[in-house]
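Raw contents of my_file-v5.cif, mmCIF, C-alpha atoms and all ligand atoms:
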data_my_file
#
loop_
_atom_site.label_atom_id
_atom_site.label_comp_id
_atom_site.auth_asym_id
_atom_site.auth_seq_id
_atom_site.Cartn_x
_atom_site.Cartn_y
_atom_site.Cartn_z
CA MET D 1 -3.94 -21.32 -13.96
CA GLY D 2 -6.97 -20.48 -11.85
CA GLY D 3 -7.99 -24.13 -12.02
CA ASP D 4 -4.78 -25.31 -10.42
CA LYS D 5 -5.07 -26.69 -6.96
CA ILE D 6 -4.19 -24.22 -4.26
CA ASN D 7 -1.24 -24.88 -2.00
CA GLN D 8 -2.75 -25.66 1.40
CA GLU D 9 -0.31 -23.50 3.36
CA GLN D 10 -1.06 -20.59 1.09
CA LYS D 11 -4.79 -21.15 1.58
CA LYS D 12 -4.31 -21.18 5.33
CA ARG D 13 -2.40 -17.90 5.24
CA ILE D 14 -5.15 -16.22 3.27
CA ASP D 15 -7.85 -17.61 5.56
CA THR D 16 -5.95 -16.41 8.62
CA LEU D 17 -5.43 -13.00 7.10
CA ALA D 18 -9.15 -12.73 6.39
CA GLN D 19 -9.90 -13.57 10.03
CA ARG D 20 -7.17 -11.72 11.89
CA HIS D 21 -6.26 -9.02 9.34
CA ILE D 22 -2.54 -9.41 10.00
CA LEU D 23 0.10 -12.14 9.87
CA PRO D 24 3.56 -12.35 11.44
CA GLU D 25 6.26 -10.93 9.17
CA ASP D 26 7.64 -14.31 8.07
CA GLU D 27 4.14 -15.44 7.12
CA LEU D 28 3.56 -12.25 5.13
CA ILE D 29 6.79 -12.91 3.27
CA ALA D 30 5.79 -16.52 2.62
CA LEU D 31 2.38 -15.36 1.39
CA LEU D 32 3.96 -12.96 -1.09
CA ASP D 33 6.56 -15.50 -2.20
CA GLY D 34 3.81 -18.07 -2.70
CA GLN D 35 1.84 -15.88 -5.09
CA ASP D 36 0.64 -17.99 -8.02
CA GLY D 37 -2.47 -18.35 -10.16
CA ALA D 38 -4.41 -20.54 -7.75
CA SER D 39 -3.68 -18.53 -4.62
CA SER D 40 -4.39 -15.27 -6.46
CA SER D 41 -7.82 -16.51 -7.54
CA TYR D 42 -8.59 -17.65 -4.01
CA LEU D 43 -7.41 -14.33 -2.54
CA PHE D 44 -9.33 -12.20 -5.05
CA ALA D 45 -12.58 -14.04 -4.38
CA LYS D 46 -12.22 -13.42 -0.63
CA ALA D 47 -11.18 -9.80 -1.09
CA ASP D 48 -14.03 -9.12 -3.48
CA ALA D 49 -16.52 -10.62 -1.02
CA VAL D 50 -15.20 -8.38 1.77
CA ARG D 51 -15.35 -5.33 -0.45
CA ARG D 52 -18.94 -6.16 -1.49
CA GLU D 53 -19.93 -6.59 2.13
CA HIS D 54 -18.84 -3.03 2.90
CA TYR D 55 -19.26 -1.13 -0.36
CA GLY D 56 -21.42 -3.37 -2.58
CA THR D 57 -20.69 -2.98 -6.27
CA GLU D 58 -20.28 0.79 -6.04
CA VAL D 59 -17.06 2.31 -7.31
CA TYR D 60 -16.21 5.72 -5.90
CA VAL D 61 -14.63 8.22 -8.26
CA ARG D 62 -12.27 11.08 -7.49
CA GLY D 63 -11.54 13.85 -9.95
CA LEU D 64 -7.76 14.15 -10.07
CA ILE D 65 -6.37 17.60 -10.76
CA GLU D 66 -2.62 17.57 -11.30
CA PHE D 67 -2.16 21.27 -10.71
CA THR D 68 1.62 21.66 -10.79
CA ASN D 69 4.58 19.59 -11.92
CA TYR D 70 7.20 21.84 -10.36
CA CYS D 71 8.93 20.00 -7.54
CA LYS D 72 11.79 20.84 -5.22
CA ASN D 73 12.46 17.17 -4.52
CA ASP D 74 14.60 14.80 -6.52
CA CYS D 75 13.17 11.30 -5.98
CA TYR D 76 15.06 8.90 -8.23
CA TYR D 77 11.94 7.24 -9.66
CA CYS D 78 9.83 10.27 -10.42
CA GLY D 79 9.58 12.01 -13.81
CA ILE D 80 8.86 15.43 -12.31
CA ARG D 81 11.95 15.38 -10.08
CA ARG D 82 13.86 18.65 -9.85
CA SER D 83 16.85 17.44 -11.87
CA ASN D 84 14.79 16.37 -14.86
CA LYS D 85 15.60 19.21 -17.23
CA LYS D 86 13.50 17.58 -19.94
CA ALA D 87 10.28 17.93 -17.97
CA SER D 88 8.17 20.73 -19.42
CA ARG D 89 6.96 22.55 -16.34
CA TYR D 90 3.49 23.98 -15.79
CA ARG D 91 1.46 25.42 -12.97
CA LEU D 92 -2.31 25.84 -13.22
CA THR D 93 -3.86 29.05 -11.94
CA GLU D 94 -6.61 29.25 -9.33
CA GLU D 95 -9.09 30.05 -12.09
CA GLU D 96 -8.07 27.03 -14.12
CA ILE D 97 -8.33 24.75 -11.10
CA LEU D 98 -11.76 26.09 -10.17
CA ALA D 99 -12.86 25.56 -13.77
CA CYS D 100 -11.70 21.91 -13.56
CA CYS D 101 -13.75 21.48 -10.39
CA GLN D 102 -16.78 23.09 -12.02
CA GLU D 103 -16.54 20.77 -14.99
CA GLY D 104 -15.99 17.80 -12.70
CA TYR D 105 -18.96 18.72 -10.58
CA GLN D 106 -21.21 18.69 -13.63
CA LEU D 107 -19.88 15.25 -14.50
CA GLY D 108 -20.86 13.93 -11.07
CA PHE D 109 -17.58 14.16 -9.18
CA ARG D 110 -17.98 14.94 -5.48
CA THR D 111 -14.32 14.54 -4.53
CA PHE D 112 -11.51 16.60 -5.96
CA VAL D 113 -7.93 15.48 -5.49
CA LEU D 114 -5.37 18.24 -5.86
CA GLN D 115 -2.06 16.61 -6.56
CA GLY D 116 1.26 18.15 -7.39
CA GLY D 117 4.96 18.32 -6.78
CA GLU D 118 6.30 20.20 -3.77
CA ASP D 119 6.14 23.49 -5.63
CA PRO D 120 7.58 26.57 -3.89
CA GLY D 121 5.39 28.59 -6.27
CA TRP D 122 2.39 27.29 -4.34
CA SER D 123 2.95 28.59 -0.83
CA PRO D 124 0.94 27.15 2.06
CA GLU D 125 -1.09 30.39 2.12
CA ARG D 126 -1.89 30.11 -1.55
CA ILE D 127 -2.98 26.47 -1.19
CA GLU D 128 -5.08 27.43 1.81
CA ALA D 129 -6.86 30.13 -0.22
CA LEU D 130 -7.43 27.64 -3.02
CA VAL D 131 -8.95 25.09 -0.66
CA ARG D 132 -11.25 27.79 0.75
CA ALA D 133 -12.34 28.81 -2.73
CA ILE D 134 -13.15 25.24 -3.79
CA HIS D 135 -14.92 24.61 -0.50
CA ARG D 136 -17.00 27.76 -0.96
CA GLN D 137 -17.93 26.84 -4.52
CA HIS D 138 -18.63 23.16 -3.78
CA PRO D 139 -19.59 22.77 -0.11
CA ASP D 140 -20.99 19.30 -0.81
CA CYS D 141 -17.66 17.98 -2.12
CA ALA D 142 -14.67 16.46 -0.38
CA ILE D 143 -11.29 18.04 -1.03
CA THR D 144 -8.24 15.79 -0.98
CA LEU D 145 -4.73 17.22 -0.98
CA SER D 146 -1.64 15.38 -2.20
CA VAL D 147 1.19 17.85 -2.11
CA GLY D 148 3.87 16.11 -0.13
CA GLU D 149 5.58 16.76 3.19
CA HIS D 150 4.79 19.85 5.27
CA ASP D 151 4.76 20.76 8.93
CA LYS D 152 1.83 19.99 11.16
CA ALA D 153 0.74 23.63 11.44
CA THR D 154 0.44 23.82 7.66
CA TYR D 155 -1.59 20.63 7.47
CA GLN D 156 -3.81 22.07 10.20
CA ARG D 157 -4.44 25.31 8.26
CA TRP D 158 -5.47 23.38 5.18
CA PHE D 159 -7.73 21.17 7.26
CA ASP D 160 -9.35 24.24 8.82
CA ALA D 161 -9.83 25.66 5.32
CA GLY D 162 -11.86 22.61 4.31
CA ALA D 163 -9.49 19.87 3.13
CA GLU D 164 -10.61 16.59 4.68
CA ARG D 165 -8.37 13.99 3.10
CA TYR D 166 -4.66 13.72 2.40
CA LEU D 167 -2.73 11.32 0.22
CA LEU D 168 0.92 10.81 1.06
CA ARG D 169 2.34 7.50 -0.01
CA HIS D 170 5.04 6.38 2.41
CA GLU D 171 6.78 4.85 -0.69
CA THR D 172 8.56 2.15 1.35
CA ALA D 173 8.57 1.41 5.07
CA ASP D 174 12.15 0.12 5.05
CA GLU D 175 14.87 2.62 5.97
CA ALA D 176 17.59 1.26 3.68
CA HIS D 177 15.16 0.89 0.80
CA TYR D 178 13.89 4.44 1.37
CA ARG D 179 17.45 5.70 0.97
CA MET D 180 17.81 3.77 -2.29
CA LEU D 181 14.78 5.55 -3.74
CA HIS D 182 15.43 9.05 -2.42
CA PRO D 183 18.33 11.48 -2.24
CA PRO D 184 19.85 12.52 1.09
CA GLY D 185 17.68 15.11 2.76
CA LEU D 186 14.48 13.12 2.46
CA SER D 187 13.82 10.69 5.28
CA LEU D 188 11.39 7.91 5.95
CA GLN D 189 11.11 9.09 9.51
CA HIS D 190 9.85 12.51 8.43
CA ARG D 191 7.45 11.05 5.88
CA LYS D 192 5.97 8.74 8.49
CA GLN D 193 5.74 11.62 10.95
CA CYS D 194 3.72 13.56 8.39
CA LEU D 195 1.27 10.67 8.15
CA TRP D 196 0.87 10.51 11.93
CA ASP D 197 0.40 14.30 12.07
CA LEU D 198 -2.26 14.18 9.37
CA LYS D 199 -4.06 11.46 11.25
CA ALA D 200 -3.90 13.32 14.54
CA ILE D 201 -5.43 16.39 12.89
CA GLY D 202 -8.39 14.35 11.72
CA TYR D 203 -7.80 13.89 8.02
CA GLN D 204 -8.84 10.73 6.23
CA VAL D 205 -5.32 9.65 5.39
CA GLY D 206 -3.89 7.64 2.53
CA CYS D 207 -0.45 6.03 2.49
CA GLY D 208 0.92 3.60 -0.06
CA PHE D 209 3.82 2.46 -2.18
CA MET D 210 4.92 1.45 -5.64
CA VAL D 211 4.95 -2.26 -6.41
CA GLY D 212 8.20 -3.51 -7.92
CA SER D 213 10.27 -0.42 -7.22
CA PRO D 214 14.01 -1.03 -7.65
CA GLY D 215 15.46 -2.96 -4.70
CA GLN D 216 12.08 -4.07 -3.37
CA THR D 217 11.70 -7.70 -2.27
CA SER D 218 8.98 -9.53 -0.35
CA ARG D 219 10.71 -8.45 2.83
CA GLU D 220 10.27 -4.74 2.07
CA LEU D 221 6.69 -5.39 1.00
CA ALA D 222 6.00 -7.21 4.27
CA GLU D 223 7.31 -4.14 6.09
CA ASP D 224 4.99 -1.96 4.01
CA LEU D 225 2.05 -4.14 4.99
CA GLN D 226 3.00 -4.03 8.66
CA PHE D 227 3.29 -0.25 8.57
CA ILE D 228 -0.09 0.02 6.88
CA TYR D 229 -1.63 -2.17 9.56
CA GLU D 230 -0.07 -0.02 12.26
CA LEU D 231 -1.20 3.28 10.72
CA GLN D 232 -4.72 2.04 9.93
CA PRO D 233 -5.18 4.57 7.12
CA GLU D 234 -8.55 5.24 5.51
CA MET D 235 -7.03 4.95 2.04
CA VAL D 236 -4.11 3.05 0.49
CA GLY D 237 -2.69 3.93 -2.92
CA ILE D 238 -0.57 1.33 -4.68
CA GLY D 239 0.41 0.89 -8.30
CA PRO D 240 3.24 -0.71 -10.24
CA PHE D 241 6.52 1.16 -10.47
CA LEU D 242 6.91 2.28 -14.09
CA PRO D 243 10.23 3.66 -15.32
CA GLN D 244 10.41 7.20 -16.66
CA LYS D 245 13.21 7.48 -19.20
CA ASP D 246 14.70 10.76 -17.98
CA THR D 247 15.20 9.60 -14.39
CA PRO D 248 18.02 7.59 -12.78
CA PHE D 249 15.64 4.60 -12.79
CA GLY D 250 14.80 4.95 -16.47
CA GLU D 251 16.27 1.56 -17.35
CA LYS D 252 14.88 -0.38 -14.40
CA ALA D 253 12.30 -3.11 -14.83
CA PRO D 254 8.68 -2.17 -14.15
CA GLY D 255 6.57 -3.76 -11.43
CA THR D 256 4.05 -6.37 -12.53
CA MET D 257 0.29 -6.29 -12.72
CA GLU D 258 0.05 -9.70 -11.06
CA GLN D 259 1.93 -8.63 -7.95
CA THR D 260 0.01 -5.35 -7.74
CA LEU D 261 -3.31 -7.20 -7.90
CA PHE D 262 -2.16 -9.67 -5.27
CA LEU D 263 -1.23 -6.83 -2.93
CA LEU D 264 -4.58 -5.11 -3.53
CA GLY D 265 -6.27 -8.30 -2.39
CA VAL D 266 -4.03 -8.59 0.66
CA ILE D 267 -4.67 -4.96 1.64
CA ARG D 268 -8.44 -5.43 1.32
CA LEU D 269 -8.27 -8.34 3.76
CA MET D 270 -6.04 -6.37 6.15
CA LEU D 271 -8.28 -3.30 6.16
CA PRO D 272 -11.78 -4.45 5.16
CA GLU D 273 -13.22 -0.93 4.92
CA VAL D 274 -10.27 0.76 3.25
CA LEU D 275 -10.73 3.05 0.25
CA LEU D 276 -8.53 1.38 -2.31
CA PRO D 277 -7.99 2.83 -5.77
CA ALA D 278 -7.33 0.89 -8.95
CA THR D 279 -4.70 3.39 -10.05
CA THR D 280 -3.76 4.95 -13.37
CA ALA D 281 -0.40 3.16 -13.21
CA LEU D 282 -2.28 -0.16 -13.02
CA GLY D 283 -4.33 0.88 -16.05
CA THR D 284 -1.11 1.84 -17.81
CA ILE D 285 0.63 -1.50 -17.37
CA HIS D 286 -2.33 -3.47 -18.77
CA PRO D 287 -5.37 -2.33 -20.78
CA LEU D 288 -7.70 -4.01 -18.28
CA GLY D 289 -5.57 -3.25 -15.22
CA ARG D 290 -8.15 -1.10 -13.47
CA GLU D 291 -10.97 -3.59 -14.04
CA LYS D 292 -8.81 -6.36 -12.66
CA GLY D 293 -7.89 -4.13 -9.73
CA ILE D 294 -11.54 -3.72 -8.83
CA GLN D 295 -12.05 -7.48 -9.10
CA ALA D 296 -9.08 -8.01 -6.77
CA GLY D 297 -10.60 -5.82 -4.04
CA ALA D 298 -10.22 -2.16 -5.04
CA ASN D 299 -13.24 0.17 -4.89
CA VAL D 300 -12.05 3.59 -6.13
CA CYS D 301 -11.01 5.09 -9.47
CA MET D 302 -9.36 8.46 -9.96
CA PRO D 303 -9.88 9.74 -13.50
CA ASN D 304 -8.03 12.81 -14.62
CA LEU D 305 -9.73 16.20 -14.58
CA SER D 306 -6.64 18.22 -15.48
CA PRO D 307 -6.88 20.29 -18.67
CA VAL D 308 -5.87 18.12 -21.63
CA ALA D 309 -3.19 20.66 -22.58
CA VAL D 310 -1.11 19.79 -19.49
CA ARG D 311 -1.92 16.08 -19.09
CA GLU D 312 1.20 14.78 -20.80
CA LYS D 313 3.40 17.04 -18.75
CA TYR D 314 2.50 15.39 -15.47
CA ALA D 315 4.67 12.49 -16.55
CA LEU D 316 5.64 10.66 -13.36
CA TYR D 317 6.31 7.65 -15.62
CA ASP D 318 6.24 6.84 -19.34
CA ASN D 319 3.20 5.90 -21.46
CA LYS D 320 0.61 7.16 -18.99
CA ILE D 321 -2.96 6.50 -20.17
CA CYS D 322 -5.83 8.95 -20.75
CA THR D 323 -3.61 11.92 -21.54
CA GLY D 324 -5.67 12.88 -24.60
CA ASP D 325 -9.21 12.40 -23.34
CA GLU D 326 -11.58 15.08 -22.16
CA ALA D 327 -12.87 14.58 -18.62
CA ALA D 328 -16.35 13.73 -19.86
CA SER D 329 -15.17 10.94 -22.13
CA CYS D 330 -12.92 9.60 -19.36
CA ARG D 331 -15.87 9.40 -17.06
CA ASN D 332 -18.03 7.64 -19.62
CA CYS D 333 -15.25 5.25 -20.54
CA LEU D 334 -14.73 4.39 -16.90
CA ASP D 335 -18.42 3.83 -16.32
CA ARG D 336 -18.52 1.46 -19.30
CA ARG D 337 -15.49 -0.38 -18.01
CA MET D 338 -16.94 -0.82 -14.54
CA ARG D 339 -20.33 -1.95 -15.87
CA SER D 340 -18.60 -4.51 -18.07
CA ILE D 341 -17.48 -6.32 -14.90
CA GLY D 342 -20.68 -5.84 -12.89
CA TYR D 343 -19.79 -2.73 -10.89
CA HIS D 344 -20.82 0.89 -11.41
CA ILE D 345 -19.51 4.30 -10.52
CA VAL D 346 -21.53 6.53 -8.21
CA THR D 347 -21.97 10.24 -7.64
CA SER D 348 -21.14 10.65 -3.98
CA ARG D 349 -18.33 11.88 -1.79
CA GLY D 350 -17.38 8.28 -1.17
CA ASP D 351 -16.18 8.65 2.39
CA HIS D 352 -14.59 5.85 4.38
CA LYS D 353 -17.26 3.77 6.05
CA SER D 354 -16.28 5.04 9.49
CA ARG D 355 -17.06 8.59 8.34
CA GLN D 356 -20.35 8.00 6.53
N1 LIG D 401 4.41 15.25 -4.35
C1 LIG D 401 3.33 14.43 -3.87
C2 LIG D 401 2.68 13.63 -4.99
C3 LIG D 401 3.61 12.64 -5.59
S1 LIG D 401 3.11 11.91 -7.12
C4 LIG D 401 3.84 13.55 -2.76
O1 LIG D 401 5.01 13.64 -2.41
O2 LIG D 401 3.08 12.79 -2.21
C5 LIG D 401 2.13 10.59 -6.53
C6 LIG D 401 2.76 9.22 -6.47
O3 LIG D 401 3.18 8.78 -7.75
C7 LIG D 401 4.02 9.10 -5.66
O4 LIG D 401 3.73 9.05 -4.30
C8 LIG D 401 4.65 7.81 -6.18
O5 LIG D 401 4.33 6.70 -5.38
C9 LIG D 401 4.02 7.68 -7.57
N2 LIG D 401 5.07 7.65 -8.61
C10 LIG D 401 6.06 8.54 -8.81
N3 LIG D 401 6.88 8.12 -9.78
C11 LIG D 401 6.41 6.93 -10.22
C12 LIG D 401 6.83 5.98 -11.18
N4 LIG D 401 7.94 6.18 -11.90
N5 LIG D 401 6.09 4.87 -11.35
C13 LIG D 401 4.97 4.66 -10.63
N6 LIG D 401 4.53 5.51 -9.69
C14 LIG D 401 5.24 6.64 -9.48
#
Whole structure, structure tokens version:
Amino acid sequence: MGGDKINQEQKKRIDTLAQRHILPEDELIALLDGQDGASSSYLFAKADAVRREHYGTEVYVRGLIEFTNYCKNDCYYCGIRRSNKKASRYRLTEEEILACCQEGYQLGFRTFVLQGGEDPGWSPERIEALVRAIHRQHPDCAITLSVGEHDKATYQRWFDAGAERYLLRHETADEAHYRMLHPPGLSLQHRKQCLWDLKAIGYQVGCGFMVGSPGQTSRELAEDLQFIYELQPEMVGIGPFLPQKDTPFGEKAPGTMEQTLFLLGVIRLMLPEVLLPATTALGTIHPLGREKGIQAGANVCMPNLSPVAVREKYALYDNKICTGDEAASCRNCLDRRMRSIGYHIVTSRGDHKSRQ
């Protein structure tokens, strides 16, 4: 496959993207539709070179703490949606979360990502106090929040308490597609507004989307790319959509590794300095998914620091990897994996280049 000759128009699109960082929408669509073995190889080589220019062979790690799977929302794709009566709900305590951070710190993590559903049991005040406590205990670490949509004043309080980064995938930048993935009451407009608010406050912001979500075509993906270019986020999280059996999308086809890798490469060329994770979902769809993600332009991994007892319960999708491994073995496994392809994980906060 990789030895096939590259289509010259496809080559030109990739070269132009590398130079100008954006293409007109019809060219983005053509680029995505033209994805094949030869153009993927060409794209990955360019993306990897750009990534090496800015971040060398270092892979930044984030300790992911999935601290609650209660959620008031009902997104059709997500295993922890409110209506999923089969989900076994849990909520970590402050003490448990601080213990995860402590363990992570000893393992070399200098970024903690607190992710969860929109859990009314975790009020903004309680999250604020948690951020303060982590910040006090680990002043040399970055705290990333990923707890969904809130008002600007709330985001500001958390920022003032010491949270510096926020992950909020936009999920899809197309209005009609957004409505296909979410129940009434959730709106793309509000989600985008949250991202702009977070940016205005001064967070390092991450948006992103699932690859291959039901109803998604190259046109929706081109809109995602255009939105990303407009927002200029510091981080972009993408991974394949993976069905979760107890959701309305339980029977839908999963996204593919090949398309996810292609998009990672495209995003690296669009935003040369972006922090781009090779996600757990990518590692779930293929045993070497994360390694391939790094080789396609990603530079971040987010191993799980949650207590093993709750790992399986944070089931956004089926067959999630690493649910049985202690944090220490996850870290070692990841280091081995990265070294096997000529990269290595580092102990540092791993800020965006503009903030270093
Ligand atoms: N409540 C937070 C965190 C959501 S979970 C928020 O609203 O941002 C983190 C991400 O997992 C989601 O943004 C979504 O893109 C992804 N996700 C959810 N269900 C998924 C599925 N079935 N397959 C793949 N990714 C999924």
Show me, as JSON lines, the residues of segment 69-137 of chain D having an atom within 6 Å of segment 308-329 of chain D, each with the closest atom pair and its distance in Å, using all atoms listed in the file.
{"residue": "D:Asn69", "atom": "CA", "partner": "D:Tyr314", "partner_atom": "CA", "distance": 5.9}
{"residue": "D:Cys78", "atom": "CA", "partner": "D:Leu316", "partner_atom": "CA", "distance": 5.1}
{"residue": "D:Gly79", "atom": "CA", "partner": "D:Leu316", "partner_atom": "CA", "distance": 4.2}
{"residue": "D:Ile80", "atom": "CA", "partner": "D:Leu316", "partner_atom": "CA", "distance": 5.9}
### Pick from D:Ser187, D:Asn304, D:Thr16, D:Gln10, whichever lies nearest to Cys330 of chain D using all atoms listed in the file
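Selected residue with least distance to Cys330 of chain D: D:Asn304.
Near Tyr76 of chain D, within a cut-off of 9 Å and counting all atoms listed in the file, sit the residues Asp74, Cys78, Gly79, Arg81, Met180, Leu181, His182, Pro183, Thr247, Pro248 and Phe249 of chain D, with same-chain residues fewer than 2 positions away left out.
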Save out the residues we just selected, C-alpha atoms, as a PDB file, in the coordinates of the input.
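selection.pdb was written with the following content:
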ATOM      1  CA  ASP D  74      14.600  14.800  -6.520  1.00  0.00           C
ATOM      2  CA  CYS D  78       9.830  10.270 -10.420  1.00  0.00           C
ATOM      3  CA  GLY D  79       9.580  12.010 -13.810  1.00  0.00           C
ATOM      4  CA  ARG D  81      11.950  15.380 -10.080  1.00  0.00           C
ATOM      5  CA  MET D 180      17.810   3.770  -2.290  1.00  0.00           C
ATOM      6  CA  LEU D 181      14.780   5.550  -3.740  1.00  0.00           C
ATOM      7  CA  HIS D 182      15.430   9.050  -2.420  1.00  0.00           C
ATOM      8  CA  PRO D 183      18.330  11.480  -2.240  1.00  0.00           C
ATOM      9  CA  THR D 247      15.200   9.600 -14.390  1.00  0.00           C
ATOM     10  CA  PRO D 248      18.020   7.590 -12.780  1.00  0.00           C
ATOM     11  CA  PHE D 249      15.640   4.600 -12.790  1.00  0.00           C
TER      12      PHE D 249
END
### Summary
Here atom CA of Ala173 of chain D and atom CA of Asp224 of chain D stand apart by 5.0 Å
### Query
For ligand LIG 401 (chain D), which residue among D:Ala298, D:Cys101, D:Ala129, D:Leu282 is the nearest when counting all atoms listed in the file?
D:Leu282
First collect every listed atom of ligand LIG 401 (chain D); then fit an axis-aligned box around them, widen it by 8 Å on each side, and give centre and edge lengths in Å to one decimal, as lines of an AutoDock Vina configuration file.
center_x = 5.0
center_y = 10.0
center_z = -7.1
size_x = 21.8
size_y = 26.6
size_z = 25.7
### Task
Output the neighbourhood of ligand LIG 401 (chain D) as a list in words, that is, all protein and nucleic acid residues with some atom at most 7 Å from the ligand, counting all atoms listed in the file.
Tyr77, Cys78, Gly79, Gln115, Gly116, Gly117, Glu118, Ser146, Val147, Gly148, Glu149, Leu167, Leu168, Arg169, Glu171, Phe209, Met210, Gly239, Pro240, Phe241, Leu242, Pro243, Gln244, Ala281, Leu316 and Tyr317 of chain D
Generate the output file for the selected residues, C-alpha atoms, as a compact mmCIF listing (two decimals), in the frame of the given file.
# COMPACT_ATOMS: atom_id res chain seq x y z
CA TYR D 77 11.94 7.24 -9.66
CA CYS D 78 9.83 10.27 -10.42
CA GLY D 79 9.58 12.01 -13.81
CA GLN D 115 -2.06 16.61 -6.56
CA GLY D 116 1.26 18.15 -7.39
CA GLY D 117 4.96 18.32 -6.78
CA GLU D 118 6.30 20.20 -3.77
CA SER D 146 -1.64 15.38 -2.20
CA VAL D 147 1.19 17.85 -2.11
CA GLY D 148 3.87 16.11 -0.13
CA GLU D 149 5.58 16.76 3.19
CA LEU D 167 -2.73 11.32 0.22
CA LEU D 168 0.92 10.81 1.06
CA ARG D 169 2.34 7.50 -0.01
CA GLU D 171 6.78 4.85 -0.69
CA PHE D 209 3.82 2.46 -2.18
CA MET D 210 4.92 1.45 -5.64
CA GLY D 239 0.41 0.89 -8.30
CA PRO D 240 3.24 -0.71 -10.24
CA PHE D 241 6.52 1.16 -10.47
CA LEU D 242 6.91 2.28 -14.09
CA PRO D 243 10.23 3.66 -15.32
CA GLN D 244 10.41 7.20 -16.66
CA ALA D 281 -0.40 3.16 -13.21
CA LEU D 316 5.64 10.66 -13.36
CA TYR D 317 6.31 7.65 -15.62
### Task
Might you pull out every residue within 9 Å of Leu195 of chain D, with all atoms listed in the file counted and same-chain residues fewer than 3 positions away left off, and present them as a PyMOL selection string?
chain D and resi 149+166-170+190-192+198-200+205-207+231+233
Go ahead and write the residues just picked, C-alpha atoms, as a short mmCIF file (atom, residue, chain, number, x, y, z; two decimals), in the coordinates of the input.
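File produced: selection_17.cif:
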data_model
loop_
_atom_site.label_atom_id
_atom_site.label_comp_id
_atom_site.auth_asym_id
_atom_site.auth_seq_id
_atom_site.Cartn_x
_atom_site.Cartn_y
_atom_site.Cartn_z
CA GLU D 149 5.58 16.76 3.19
CA TYR D 166 -4.66 13.72 2.40
CA LEU D 167 -2.73 11.32 0.22
CA LEU D 168 0.92 10.81 1.06
CA ARG D 169 2.34 7.50 -0.01
CA HIS D 170 5.04 6.38 2.41
CA HIS D 190 9.85 12.51 8.43
CA ARG D 191 7.45 11.05 5.88
CA LYS D 192 5.97 8.74 8.49
CA LEU D 198 -2.26 14.18 9.37
CA LYS D 199 -4.06 11.46 11.25
CA ALA D 200 -3.90 13.32 14.54
CA VAL D 205 -5.32 9.65 5.39
CA GLY D 206 -3.89 7.64 2.53
CA CYS D 207 -0.45 6.03 2.49
CA LEU D 231 -1.20 3.28 10.72
CA PRO D 233 -5.18 4.57 7.12
#
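Taking atom CA of Glu53 of chain D as the reference point, atom CA of Arg339 of chain D is found at 18.6 Å.
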### Query
Could you name the residues that touch Leu17 of chain D at 12 Å or less, counting all atoms listed in the file, but leaving out those on the same chain fewer than 2 positions away, as a list of chain:residue names?
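Using all atoms listed in the file, the neighbours found are D:Gln10, D:Lys11, D:Lys12, D:Arg13, D:Ile14, D:Asp15, D:Gln19, D:Arg20, D:His21, D:Ile22, D:Leu23, D:Pro24, D:Glu27, D:Leu28, D:Leu31, D:Leu43, D:Lys46, D:Ala47, D:Leu225, D:Tyr229, D:Gly265, D:Val266, D:Ile267, D:Arg268, D:Leu269, D:Met270, D:Leu271, D:Pro272.
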Prev. selection, C-alpha atoms, output as an mmCIF file, keeping the file's coordinate frame:
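Listing of selection-v3.cif after writing:
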data_model
loop_
_atom_site.group_PDB
_atom_site.id
_atom_site.type_symbol
_atom_site.label_atom_id
_atom_site.label_comp_id
_atom_site.auth_asym_id
_atom_site.auth_seq_id
_atom_site.Cartn_x
_atom_site.Cartn_y
_atom_site.Cartn_z
ATOM 1 C CA GLN D 10 -1.060 -20.590 1.090
ATOM 2 C CA LYS D 11 -4.790 -21.150 1.580
ATOM 3 C CA LYS D 12 -4.310 -21.180 5.330
ATOM 4 C CA ARG D 13 -2.400 -17.900 5.240
ATOM 5 C CA ILE D 14 -5.150 -16.220 3.270
ATOM 6 C CA ASP D 15 -7.850 -17.610 5.560
ATOM 7 C CA GLN D 19 -9.900 -13.570 10.030
ATOM 8 C CA ARG D 20 -7.170 -11.720 11.890
ATOM 9 C CA HIS D 21 -6.260 -9.020 9.340
ATOM 10 C CA ILE D 22 -2.540 -9.410 10.000
ATOM 11 C CA LEU D 23 0.100 -12.140 9.870
ATOM 12 C CA PRO D 24 3.560 -12.350 11.440
ATOM 13 C CA GLU D 27 4.140 -15.440 7.120
ATOM 14 C CA LEU D 28 3.560 -12.250 5.130
ATOM 15 C CA LEU D 31 2.380 -15.360 1.390
ATOM 16 C CA LEU D 43 -7.410 -14.330 -2.540
ATOM 17 C CA LYS D 46 -12.220 -13.420 -0.630
ATOM 18 C CA ALA D 47 -11.180 -9.800 -1.090
ATOM 19 C CA LEU D 225 2.050 -4.140 4.990
ATOM 20 C CA TYR D 229 -1.630 -2.170 9.560
ATOM 21 C CA GLY D 265 -6.270 -8.300 -2.390
ATOM 22 C CA VAL D 266 -4.030 -8.590 0.660
ATOM 23 C CA ILE D 267 -4.670 -4.960 1.640
ATOM 24 C CA ARG D 268 -8.440 -5.430 1.320
ATOM 25 C CA LEU D 269 -8.270 -8.340 3.760
ATOM 26 C CA MET D 270 -6.040 -6.370 6.150
ATOM 27 C CA LEU D 271 -8.280 -3.300 6.160
ATOM 28 C CA PRO D 272 -11.780 -4.450 5.160
#
### Task
Using all atoms listed in the file, pick whichever of D:Arg355, D:Arg349, D:Arg132, D:Arg336 has the shortest atom-to-atom distance to Glu273 of chain D.
D:Arg355
